[in-house]
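K.L.:
Next up, start_27.txt (compact mmCIF, C-alpha atoms and all ligand atoms).
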```
# COMPACT_ATOMS: atom_id res chain seq x y z
CA MET A 24 -29.42 -44.16 -11.06
CA PRO A 25 -30.97 -43.45 -7.64
CA LEU A 26 -30.88 -40.07 -5.98
CA MET A 27 -27.53 -39.40 -4.35
CA THR A 28 -26.51 -37.34 -1.34
CA THR A 29 -24.62 -34.09 -1.73
CA ARG A 30 -21.39 -35.77 -0.53
CA PRO A 31 -20.02 -36.86 -3.94
CA MET A 32 -21.14 -33.52 -5.38
CA PHE A 33 -19.35 -31.44 -2.78
CA ALA A 34 -16.21 -33.59 -2.90
CA ASP A 35 -15.97 -32.91 -6.63
CA ALA A 36 -16.96 -29.23 -6.41
CA TYR A 37 -14.53 -28.56 -3.57
CA SER A 38 -11.55 -30.01 -5.39
CA GLY A 39 -12.68 -28.68 -8.77
CA GLY A 40 -13.27 -25.05 -7.73
CA TYR A 41 -16.88 -24.87 -8.84
CA ALA A 42 -20.31 -24.88 -7.17
CA VAL A 43 -23.40 -27.03 -7.62
CA GLY A 44 -26.62 -25.11 -8.26
CA ALA A 45 -29.38 -25.60 -5.69
CA PHE A 46 -32.68 -24.55 -7.21
CA ASN A 47 -35.98 -24.28 -5.34
CA VAL A 48 -38.82 -26.44 -6.64
CA ASN A 49 -42.47 -25.53 -6.12
CA ASN A 50 -44.32 -26.98 -9.11
CA MET A 51 -44.09 -29.06 -12.27
CA GLU A 52 -42.93 -26.36 -14.69
CA ILE A 53 -40.11 -25.36 -12.35
CA ILE A 54 -38.73 -28.89 -11.97
CA GLN A 55 -39.12 -29.50 -15.71
CA GLY A 56 -37.24 -26.30 -16.53
CA ILE A 57 -34.42 -27.02 -14.08
CA MET A 58 -34.00 -30.63 -15.23
CA GLN A 59 -34.01 -29.78 -18.93
CA ALA A 60 -31.33 -27.14 -18.31
CA CYS A 61 -29.15 -29.55 -16.28
CA ALA A 62 -29.50 -32.24 -18.94
CA GLU A 63 -28.54 -29.78 -21.69
CA GLU A 64 -25.54 -28.61 -19.66
CA ASN A 65 -24.65 -32.07 -18.38
CA ALA A 66 -24.60 -30.64 -14.86
CA PRO A 67 -25.40 -32.03 -11.38
CA VAL A 68 -28.32 -30.52 -9.51
CA ILE A 69 -29.66 -30.07 -6.00
CA LEU A 70 -33.45 -29.82 -6.07
CA GLN A 71 -34.33 -27.99 -2.89
CA ILE A 72 -37.68 -27.93 -1.21
CA SER A 73 -38.71 -25.54 1.55
CA LYS A 74 -41.31 -26.07 4.25
CA GLY A 75 -43.49 -23.63 2.27
CA ALA A 76 -43.07 -25.69 -0.92
CA ARG A 77 -44.11 -28.85 0.92
CA ARG A 78 -47.20 -27.04 2.17
CA TYR A 79 -48.02 -25.45 -1.22
CA ALA A 80 -47.53 -28.39 -3.55
CA ASP A 81 -48.03 -31.37 -1.20
CA MET A 82 -44.89 -33.45 -0.79
CA ALA A 83 -46.52 -36.47 -2.42
CA TYR A 84 -46.83 -34.54 -5.71
CA LEU A 85 -43.31 -33.14 -5.46
CA ARG A 86 -41.89 -36.57 -4.69
CA ALA A 87 -43.64 -38.04 -7.73
CA LEU A 88 -42.23 -35.26 -9.94
CA ILE A 89 -38.73 -35.94 -8.61
CA ASP A 90 -39.12 -39.66 -9.26
CA VAL A 91 -39.98 -38.87 -12.88
CA ALA A 92 -36.94 -36.59 -13.16
CA VAL A 93 -34.64 -39.31 -11.78
CA LYS A 94 -36.03 -41.83 -14.27
CA LYS A 95 -35.97 -39.45 -17.22
CA TYR A 96 -32.41 -38.20 -16.60
CA PRO A 97 -30.41 -41.25 -15.43
CA ARG A 98 -27.06 -39.59 -16.20
CA ILE A 99 -27.69 -36.44 -14.15
CA PRO A 100 -26.61 -36.51 -10.47
CA ILE A 101 -29.61 -35.36 -8.44
CA ALA A 102 -29.97 -34.67 -4.70
CA ILE A 103 -33.21 -33.68 -2.92
CA HIS A 104 -32.51 -31.19 -0.18
CA LEU A 105 -34.60 -29.60 2.57
CA ASP A 106 -34.13 -25.83 2.37
CA HIS A 107 -34.20 -23.93 5.69
CA GLY A 108 -35.52 -26.75 7.87
CA ASP A 109 -36.44 -25.40 11.29
CA THR A 110 -37.16 -28.43 13.47
CA LEU A 111 -35.93 -31.99 14.00
CA ASP A 112 -39.48 -33.19 13.33
CA LEU A 113 -39.50 -31.64 9.85
CA VAL A 114 -36.09 -33.19 9.15
CA LYS A 115 -37.44 -36.60 10.20
CA GLN A 116 -40.40 -36.23 7.83
CA CYS A 117 -38.11 -35.24 4.96
CA ILE A 118 -35.79 -38.18 5.54
CA ALA A 119 -38.84 -40.45 5.60
CA ASP A 120 -39.84 -38.87 2.28
CA GLY A 121 -36.48 -39.82 0.78
CA PHE A 122 -34.58 -36.52 0.97
CA THR A 123 -30.87 -37.10 0.49
CA SER A 124 -29.72 -33.90 2.19
CA VAL A 125 -31.22 -31.60 4.82
CA MET A 126 -30.61 -28.11 6.09
CA ILE A 127 -31.28 -27.13 9.67
CA ASP A 128 -31.31 -23.37 10.04
CA GLY A 129 -30.66 -22.39 13.64
CA SER A 130 -29.02 -19.13 12.64
CA HIS A 131 -31.52 -17.01 14.55
CA GLU A 132 -30.84 -18.91 17.76
CA PRO A 133 -28.07 -18.07 20.21
CA PHE A 134 -24.77 -19.78 19.24
CA ASP A 135 -25.00 -22.66 21.74
CA ASP A 136 -28.67 -23.31 20.92
CA ASN A 137 -27.84 -23.36 17.20
CA ILE A 138 -25.14 -25.95 17.94
CA ALA A 139 -27.50 -28.07 20.05
CA LEU A 140 -30.24 -28.02 17.40
CA THR A 141 -27.80 -28.81 14.60
CA ARG A 142 -26.18 -31.59 16.66
CA SER A 143 -29.55 -33.25 17.26
CA VAL A 144 -30.31 -33.11 13.52
CA ALA A 145 -26.83 -34.34 12.56
CA ASP A 146 -27.08 -37.33 14.93
CA TYR A 147 -30.42 -38.31 13.44
CA ALA A 148 -29.59 -37.59 9.79
CA HIS A 149 -26.19 -39.30 9.91
CA ALA A 150 -27.79 -42.43 11.36
CA HIS A 151 -29.85 -42.44 8.15
CA GLY A 152 -26.90 -41.69 5.84
CA VAL A 153 -28.04 -38.11 5.16
CA PRO A 154 -25.66 -35.12 5.29
CA VAL A 155 -26.60 -31.88 7.04
CA GLU A 156 -26.20 -28.25 6.06
CA ALA A 157 -26.26 -25.73 8.91
CA GLU A 158 -26.19 -21.94 9.00
CA LEU A 159 -24.14 -19.56 11.08
CA GLY A 160 -24.45 -15.77 10.93
CA MET A 161 -27.45 -13.83 9.69
CA LEU A 162 -28.20 -13.24 6.04
CA GLY A 163 -28.48 -9.54 5.24
CA GLY A 164 -26.78 -6.95 3.13
CA ILE A 165 -23.60 -5.25 4.28
CA GLU A 166 -25.46 -2.00 4.49
CA GLU A 167 -26.99 -0.59 7.60
CA ASP A 168 -30.27 0.37 5.87
CA VAL A 169 -30.80 -3.17 4.55
CA VAL A 170 -30.60 -4.81 7.95
CA GLY A 171 -32.69 -2.02 9.45
CA ALA A 172 -30.03 -0.68 11.79
CA SER A 173 -28.44 2.76 12.00
CA ALA A 174 -24.93 3.12 10.59
CA GLU A 175 -23.44 3.24 14.11
CA GLU A 176 -25.48 0.33 15.35
CA TYR A 177 -24.56 -1.67 12.27
CA ALA A 178 -20.86 -0.95 12.53
CA ALA A 179 -20.91 -1.86 16.21
CA ASN A 180 -22.79 -5.09 15.57
CA ILE A 181 -21.32 -6.27 12.30
CA GLU A 182 -20.08 -9.43 13.98
CA LYS A 183 -23.66 -10.28 14.81
CA TYR A 184 -24.51 -10.42 11.10
CA LEU A 185 -21.51 -11.86 9.30
CA THR A 186 -20.15 -15.33 10.00
CA ASP A 187 -17.22 -15.24 12.37
CA PRO A 188 -14.45 -17.58 11.13
CA THR A 189 -13.33 -18.71 14.60
CA GLN A 190 -16.91 -19.40 15.65
CA ALA A 191 -17.41 -21.26 12.36
CA HIS A 192 -14.64 -23.69 13.29
CA ASP A 193 -16.02 -24.25 16.78
CA PHE A 194 -19.53 -24.62 15.34
CA TRP A 195 -18.39 -27.17 12.74
CA GLN A 196 -16.55 -29.28 15.31
CA ARG A 197 -19.32 -29.27 17.89
CA SER A 198 -22.41 -29.46 15.67
CA GLY A 199 -21.26 -32.25 13.35
CA CYS A 200 -22.60 -30.41 10.28
CA ASP A 201 -21.35 -31.47 6.84
CA SER A 202 -21.60 -28.10 5.11
CA LEU A 203 -22.10 -24.56 6.33
CA ALA A 204 -24.19 -21.69 4.99
CA VAL A 205 -22.30 -18.50 5.67
CA ALA A 206 -23.44 -14.89 5.96
CA ILE A 207 -21.19 -12.71 3.83
CA GLY A 208 -23.66 -9.99 2.85
CA THR A 209 -26.15 -11.88 0.66
CA SER A 210 -29.86 -11.89 1.49
CA HIS A 211 -33.00 -13.58 0.22
CA GLY A 212 -35.33 -11.95 -2.29
CA ALA A 213 -35.11 -9.34 -5.02
CA TYR A 214 -33.84 -6.33 -3.02
CA LYS A 215 -30.41 -7.31 -1.83
CA PHE A 216 -28.52 -4.04 -2.03
CA LYS A 217 -29.64 -0.42 -1.94
CA HIS A 218 -26.26 0.80 -3.05
CA GLU A 219 -23.31 -0.97 -4.63
CA ALA A 220 -23.24 -4.74 -4.03
CA ARG A 221 -20.67 -5.58 -1.36
CA LEU A 222 -19.77 -9.06 -0.19
CA ALA A 223 -17.29 -10.06 2.50
CA PHE A 224 -15.07 -12.44 0.55
CA ASP A 225 -12.43 -12.06 3.23
CA ARG A 226 -14.78 -14.08 5.48
CA ILE A 227 -14.90 -16.94 2.98
CA ASP A 228 -11.16 -16.85 2.72
CA ALA A 229 -10.69 -16.89 6.50
CA ILE A 230 -13.31 -19.63 7.03
CA MET A 231 -11.70 -21.78 4.33
CA LYS A 232 -8.30 -21.46 6.02
CA ILE A 233 -9.59 -22.25 9.48
CA CYS A 234 -12.03 -24.98 8.33
CA PRO A 235 -10.24 -26.80 5.51
CA SER A 236 -12.46 -29.37 3.75
CA LEU A 237 -15.73 -27.84 5.00
CA PRO A 238 -17.98 -27.15 1.97
CA LEU A 239 -19.52 -23.67 2.20
CA VAL A 240 -22.95 -22.64 0.96
CA MET A 241 -24.09 -19.28 -0.37
CA HIS A 242 -27.77 -18.53 0.18
CA GLY A 243 -29.49 -15.50 -1.29
CA SER A 244 -27.43 -15.74 -4.45
CA SER A 245 -29.89 -14.81 -7.18
CA SER A 246 -28.58 -12.09 -9.44
CA VAL A 247 -32.02 -10.57 -10.06
CA LEU A 248 -31.49 -10.41 -13.81
CA GLU A 249 -32.32 -7.07 -15.36
CA GLU A 250 -33.94 -8.78 -18.33
CA PHE A 251 -36.73 -10.13 -16.11
CA VAL A 252 -37.09 -7.12 -13.81
CA ASN A 253 -37.46 -4.90 -16.88
CA LEU A 254 -40.15 -7.14 -18.38
CA ILE A 255 -42.02 -7.18 -15.07
CA ASN A 256 -41.91 -3.38 -14.82
CA GLN A 257 -42.78 -2.98 -18.50
CA TYR A 258 -45.87 -5.16 -18.19
CA GLY A 259 -47.57 -3.74 -15.14
CA GLY A 260 -45.36 -4.95 -12.29
CA GLN A 261 -43.73 -2.72 -9.72
CA MET A 262 -40.25 -3.79 -8.78
CA PRO A 263 -38.24 -0.59 -8.73
CA ASN A 264 -34.68 -0.86 -7.42
CA ALA A 265 -34.60 -4.65 -7.43
CA LYS A 266 -30.96 -5.70 -7.18
CA GLY A 267 -29.14 -9.00 -6.82
CA VAL A 268 -25.71 -10.52 -6.34
CA PRO A 269 -23.49 -9.81 -9.35
CA GLU A 270 -22.73 -13.00 -11.26
CA SER A 271 -19.01 -12.25 -11.07
CA ALA A 272 -19.33 -12.47 -7.27
CA VAL A 273 -21.07 -15.85 -7.52
CA THR A 274 -18.31 -17.17 -9.78
CA ARG A 275 -15.72 -15.80 -7.37
CA GLY A 276 -17.35 -17.54 -4.39
CA ALA A 277 -17.56 -20.79 -6.35
CA GLY A 278 -13.82 -20.64 -6.97
CA MET A 279 -13.08 -20.10 -3.27
CA GLY A 280 -14.67 -23.15 -1.61
CA VAL A 281 -18.37 -22.40 -1.97
CA CYS A 282 -19.78 -25.75 -3.16
CA LYS A 283 -23.51 -24.95 -3.22
CA VAL A 284 -25.23 -21.81 -4.46
CA ASN A 285 -28.94 -21.29 -3.73
CA ILE A 286 -31.20 -19.76 -6.36
CA ASP A 287 -34.92 -19.22 -6.00
CA THR A 288 -35.68 -15.56 -6.70
CA ASP A 289 -34.29 -15.75 -10.25
CA ILE A 290 -36.75 -18.58 -10.99
CA ARG A 291 -39.63 -16.57 -9.55
CA LEU A 292 -38.66 -13.53 -11.61
CA ALA A 293 -38.28 -15.50 -14.85
CA MET A 294 -41.75 -17.03 -14.43
CA THR A 295 -43.42 -13.80 -13.39
CA ALA A 296 -41.84 -11.83 -16.25
CA LYS A 297 -42.96 -14.27 -18.92
CA ILE A 298 -46.45 -14.72 -17.53
CA ARG A 299 -46.89 -10.93 -17.31
CA GLU A 300 -45.63 -10.58 -20.87
CA VAL A 301 -48.19 -13.05 -22.21
CA PHE A 302 -51.02 -11.50 -20.17
CA ALA A 303 -50.13 -8.01 -21.42
CA THR A 304 -49.45 -8.83 -25.07
CA LYS A 305 -52.18 -11.45 -25.53
CA PRO A 306 -55.02 -10.28 -23.29
CA SER A 307 -57.49 -12.81 -24.67
CA GLU A 308 -55.23 -15.80 -23.90
CA PHE A 309 -56.59 -18.04 -21.18
CA ASP A 310 -54.90 -21.39 -21.79
CA PRO A 311 -52.43 -21.86 -18.91
CA ARG A 312 -50.08 -23.76 -21.21
CA MET A 313 -49.69 -20.60 -23.27
CA TYR A 314 -48.19 -18.67 -20.36
CA LEU A 315 -46.67 -21.45 -18.26
CA GLY A 316 -44.90 -22.79 -21.37
CA PRO A 317 -42.96 -19.55 -22.00
CA ALA A 318 -42.29 -19.32 -18.25
CA ARG A 319 -40.78 -22.82 -18.32
CA ASP A 320 -38.68 -21.97 -21.41
CA ALA A 321 -37.33 -18.91 -19.60
CA ILE A 322 -36.35 -21.10 -16.63
CA VAL A 323 -34.46 -23.47 -18.94
CA ALA A 324 -32.43 -20.62 -20.47
CA MET A 325 -31.82 -18.91 -17.13
CA VAL A 326 -30.73 -22.11 -15.33
CA ARG A 327 -28.40 -23.05 -18.21
CA HIS A 328 -26.78 -19.65 -17.89
CA LYS A 329 -26.44 -20.04 -14.09
CA LEU A 330 -24.80 -23.45 -14.45
CA ARG A 331 -22.11 -21.85 -16.58
CA VAL A 332 -21.68 -19.03 -14.06
CA LEU A 333 -21.19 -21.66 -11.33
CA GLY A 334 -18.76 -23.69 -13.41
CA ALA A 335 -21.06 -26.74 -13.01
CA SER A 336 -21.64 -27.42 -16.71
CA GLY A 337 -20.14 -30.69 -17.91
CA LYS A 338 -19.50 -32.06 -14.38
CA ALA A 339 -22.18 -34.79 -14.36
CA GLU A 340 -19.95 -37.73 -15.35
CA GLN A 341 -17.19 -37.08 -12.87
CA ILE A 342 -19.69 -36.83 -10.01
CA MET A 343 -21.34 -40.08 -11.14
CA ALA A 344 -17.90 -41.72 -11.05
CA ARG A 345 -17.29 -40.45 -7.49
CA TYR A 346 -20.75 -41.62 -6.46
CA GLN A 347 -20.20 -45.10 -7.91
CA ALA A 348 -16.90 -45.37 -6.03
CA SER A 349 -18.44 -44.22 -2.73
CA PRO A 350 -19.90 -46.35 0.08
CA GLU A 351 -23.36 -44.93 -0.58
CA TYR A 352 -23.53 -46.60 -4.01
CA LYS A 353 -25.56 -49.78 -3.79
CA GLY A 354 -25.11 -50.94 -7.36
O1 LIG B 401 -34.83 -19.11 1.33
C1 LIG B 401 -35.96 -19.09 0.95
C2 LIG B 401 -36.33 -19.70 -0.36
O2 LIG B 401 -36.41 -18.72 -1.34
C3 LIG B 401 -37.61 -20.48 -0.22
O3 LIG B 401 -38.67 -19.61 -0.02
O4 LIG B 401 -39.84 -20.49 2.00
O5 LIG B 401 -41.01 -19.00 0.35
O6 LIG B 401 -40.44 -21.37 -0.25
P1 LIG B 401 -40.07 -20.16 0.56
P1 LIG B 402 -32.50 -16.06 -3.51
O1 LIG B 402 -33.67 -15.39 -2.86
O2 LIG B 402 -31.38 -15.08 -3.74
O3 LIG B 402 -32.86 -16.79 -4.74
O4 LIG B 402 -31.95 -17.14 -2.46
C1 LIG B 402 -32.60 -18.38 -2.33
C2 LIG B 402 -32.13 -19.13 -1.14
O5 LIG B 402 -31.16 -18.82 -0.49
C3 LIG B 402 -32.91 -20.33 -0.78
O6 LIG B 402 -32.46 -20.91 0.41
ZN ZN B 403 -31.77 -19.49 1.85
```
Could you render the structure as structure tokens?
Ligand code: G3H
Ligand code: 13P
Ligand code: ZN
P.N.:
Amino acid sequence: MPLMTTRPMFADAYSGGYAVGAFNVNNMEIIQGIMQACAEENAPVILQISKGARRYADMAYLRALIDVAVKKYPRIPIAIHLDHGDTLDLVKQCIADGFTSVMIDGSHEPFDDNIALTRSVADYAHAHGVPVEAELGMLGGIEEDVVGASAEEYAANIEKYLTDPTQAHDFWQRSGCDSLAVAIGTSHGAYKFKHEARLAFDRIDAIMKICPSLPLVMHGSSSVLEEFVNLINQYGGQMPNAKGVPESAVTRGAGMGVCKVNIDTDIRLAMTAKIREVFATKPSEFDPRMYLGPARDAIVAMVRHKLRVLGASGKAEQIMARYQASPEYKG
């Protein structure tokens, strides 16, 4: 089965009230861990690759790893997605490399410039059969000290940070995007909240009402599992006060129209925790397989758990059926 776009995935997730996991890939152990977990859970997957990952691993290596995954797991729906693309040129390179989905992130641009950039990418990508994720609003916690503003400044500018539902509709219509990453209080990395986790679900609700059929995307959705943070701190790391998005919030978003949930930090933490554990408990070990192996095993268990949190377990067959019935299926 060839790689598919995210279209059949989102159609199924949207109507089924679940979300597809989008996991960042940077090396062999990561893709192996993700794929094994998806195969064991019978779940679809979006393998996402950032500009930094392309630079770090060399796209030719990553592409070869993905080709192996596609061959090895013919029953698992797989999409390759550009995470946080920033230029049309990068999007063109990714499409030439066989990506089946791209993100253009113009969220830091003024509204009209974000629309213009996204429109240019959508025109190009659609001509090549590739769907486009865009972003509107700025990722950041719903806490003044997380976004680096005073309480007054934050309260006065909250609209600058969270996605505005009316703007979302206008943006969707004018940009031609196929899915939209929304800012509802999540942020990238391991320090998402200084106090209690708060997310603006009312925004998702309002955007869903005003933009029916538009699949939404939650970035910054790692839950920063205590198990890994504790191991890191126990074995010489320093990650005090690391805090993520509660899994109940991720499940809630998935049931409300969020079709794609991005997870990278939880992979980084799982690897780091296990590698630190081996280094600390077996100081004479120097075979990389002896620490990368446990790191990969931890990714398998963590991703399996996430797929259940997202409601994506067991959805592979129905997405394959949608794909085979869609115009993109070439037989
Ligand atoms: O959103 C960011 C992802 O975690 C990817 O991070 O750009 O360091 O590869 P990266
Ligand atoms: P996390 O940092 O929460 O894993 O988010 C990853 C992400 O949004 C990638 O685009
Ligand atoms: Zn992101």
K.L.:
If I take CA of Asn137 in chain A and CA of Glu158 in chain A, how far is one from the other in Å, to one decimal?
P.N.:
8.5 Å
K.L.:
Residues within 6 Å of ligand LIG 402 (chain B) (only C-alpha atoms and all ligand atoms), as a list in words?
P.N.:
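Within the 6 Å cut-off, the matching residues are Asp106, His211, Gly212, His242, Gly243, Ser244, Ser245, Asn285, Ile286, Asp287, Thr288 and Asp289 of chain A.
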K.L.:
Per residue of chain A within 12 Å of ligand LIG 401 (chain B), what are the shortest atom pair and its distance in Å to one decimal, counting only C-alpha atoms and all ligand atoms, with rows by chain and residue number, as a Markdown table?
P.N.:
```
| residue | atom | partner | partner_atom | distance |
| --- | --- | --- | --- | --- |
| A:Ala45 | CA | B:LIG401 | C2 | 10.6 |
| A:Phe46 | CA | B:LIG401 | O2 | 9.1 |
| A:Asn47 | CA | B:LIG401 | C3 | 6.6 |
| A:Val48 | CA | B:LIG401 | O6 | 8.3 |
| A:Asn49 | CA | B:LIG401 | O6 | 7.5 |
| A:Asn50 | CA | B:LIG401 | O6 | 11.2 |
| A:Leu70 | CA | B:LIG401 | C3 | 11.8 |
| A:Gln71 | CA | B:LIG401 | C3 | 8.6 |
| A:Ile72 | CA | B:LIG401 | O6 | 7.2 |
| A:Ser73 | CA | B:LIG401 | O6 | 4.9 |
| A:Lys74 | CA | B:LIG401 | O4 | 6.2 |
| A:Gly75 | CA | B:LIG401 | O6 | 4.6 |
| A:Ala76 | CA | B:LIG401 | O6 | 5.1 |
| A:Arg77 | CA | B:LIG401 | O6 | 8.4 |
| A:Arg78 | CA | B:LIG401 | O6 | 9.1 |
| A:Tyr79 | CA | B:LIG401 | O6 | 8.7 |
| A:Ala80 | CA | B:LIG401 | O6 | 10.5 |
| A:His104 | CA | B:LIG401 | C3 | 11.9 |
| A:Leu105 | CA | B:LIG401 | C3 | 10.0 |
| A:Asp106 | CA | B:LIG401 | O1 | 6.8 |
| A:His107 | CA | B:LIG401 | O1 | 6.5 |
| A:Gly108 | CA | B:LIG401 | O4 | 9.6 |
| A:Asp109 | CA | B:LIG401 | O4 | 11.0 |
| A:Met126 | CA | B:LIG401 | O1 | 11.0 |
| A:Asp128 | CA | B:LIG401 | O1 | 10.3 |
| A:Glu158 | CA | B:LIG401 | O1 | 11.9 |
| A:Leu162 | CA | B:LIG401 | O1 | 10.0 |
| A:Ala204 | CA | B:LIG401 | O1 | 11.5 |
| A:Thr209 | CA | B:LIG401 | O1 | 11.3 |
| A:Ser210 | CA | B:LIG401 | O1 | 8.8 |
| A:His211 | CA | B:LIG401 | O1 | 5.9 |
| A:Gly212 | CA | B:LIG401 | O2 | 6.9 |
| A:Ala213 | CA | B:LIG401 | O2 | 10.2 |
| A:Met241 | CA | B:LIG401 | O1 | 10.9 |
| A:His242 | CA | B:LIG401 | O1 | 7.2 |
| A:Gly243 | CA | B:LIG401 | O1 | 7.0 |
| A:Ser244 | CA | B:LIG401 | O2 | 10.0 |
| A:Ser245 | CA | B:LIG401 | O2 | 9.6 |
| A:Val284 | CA | B:LIG401 | O1 | 11.5 |
| A:Asn285 | CA | B:LIG401 | O1 | 8.1 |
| A:Ile286 | CA | B:LIG401 | O2 | 7.3 |
| A:Asp287 | CA | B:LIG401 | O2 | 4.9 |
| A:Thr288 | CA | B:LIG401 | O2 | 6.3 |
| A:Asp289 | CA | B:LIG401 | O2 | 9.6 |
| A:Ile290 | CA | B:LIG401 | O2 | 9.7 |
| A:Arg291 | CA | B:LIG401 | O2 | 9.1 |
| A:Leu292 | CA | B:LIG401 | O2 | 11.7 |
```
K.L.:
Skip Val273 in chain A itself and residues of its chain fewer than 2 positions away, then list as a PyMOL selection string all residues within 8 Å of it, counting all atoms listed in the file.
P.N.:
chain A and resi 244+268-271+275-277+284+332-333
K.L.:
Could you please determine the separation between CA of Lys217 in chain A and CA of Gly267 in chain A in Å, to one decimal place?
P.N.:
9.9 Å
K.L.:
If we count all atoms listed in the file, what is near range 86-91 of chain A at a cut-off of 8 Å, once residues fewer than 6 positions away on the same chain are taken out, given as a ChimeraX atom specification?
P.N.:
/A:51,54,120
K.L.:
Pick out the closest residue to ligand ZN 403 (chain B) from this set: A:Leu159, A:Cys117, A:Val68, A:Met32. Count all atoms listed in the file.
P.N.:
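With all atoms listed in the file as the atom set, the closest residue is A:Leu159.
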K.L.:
In Å, how far is it from CA of His151 in chain A to CA of Ile118 in chain A?
P.N.:
7.8 Å
K.L.:
Mind listing whatever residues come within 8 Å of the point (-23.5, -26.2, 15.6)? Use all atoms listed in the file, file coordinates, and give them as a list in words.
P.N.:
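Output of the proximity query reads Phe134, Asp135, Asp136, Asn137, Ile138, Ala139, Leu140, Thr141, Arg142, Ala157, Asp193, Phe194, Trp195, Gln196, Arg197, Ser198, Gly199 and Cys200 of chain A.
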K.L.:
Would you kindly return, as a ChimeraX atom specification, each protein, DNA or RNA residue with an atom no farther than 10 Å from any atom of range 219-234 of chain A, considering all atoms listed in the file and excluding same-chain residues fewer than 3 positions away?
P.N.:
/A:164-166,185-193,195-196,205-209,215-216,237-239,266-269,272,275-276,279-281
K.L.:
Find the spatial neighbours of range 339-341 of chain A, counting only C-alpha atoms, within a cut-off of 12 Å - ignore same-chain residues fewer than 6 positions away - and output them as a PyMOL selection string.
P.N.:
chain A and resi 31-36+38-39+43+61-68+96-101+330+347-348
K.L.:
Which of these, A:Val144, A:Ile53, A:Gly163, A:Pro133, has the shortest distance to ligand ZN 403 (chain B) once you count all atoms listed in the file?
P.N.:
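Residue with the minimum atom-to-atom distance to ligand ZN 403 (chain B): A:Gly163.
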K.L.:
Please identify all polymer residues within 10 Å of range 317-322 of chain A, counting all atoms listed in the file, omitting same-chain residues fewer than 3 positions from it, and present them as a ChimeraX atom specification.
P.N.:
/A:51-60,251,289-301,312-314,325-328
K.L.:
Is it possible to get the axis-aligned box enclosing range 326-342 of chain A (all listed atoms, 5 Å extra per side) as JSON, with centre and edge lengths in Å rounded to one decimal?
P.N.:
```
{"center_x": -24.0, "center_y": -28.4, "center_z": -14.1, "size_x": 23.5, "size_y": 28.7, "size_z": 18.2}
```
K.L.:
Under the rule that all atoms listed in the file are counted, which of A:Ala42, A:Val240, A:Leu315, A:Val252 is the nearest residue to ligand ZN 403 (chain B)?
P.N.:
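Under the stated criterion, the closest residue is A:Val240.
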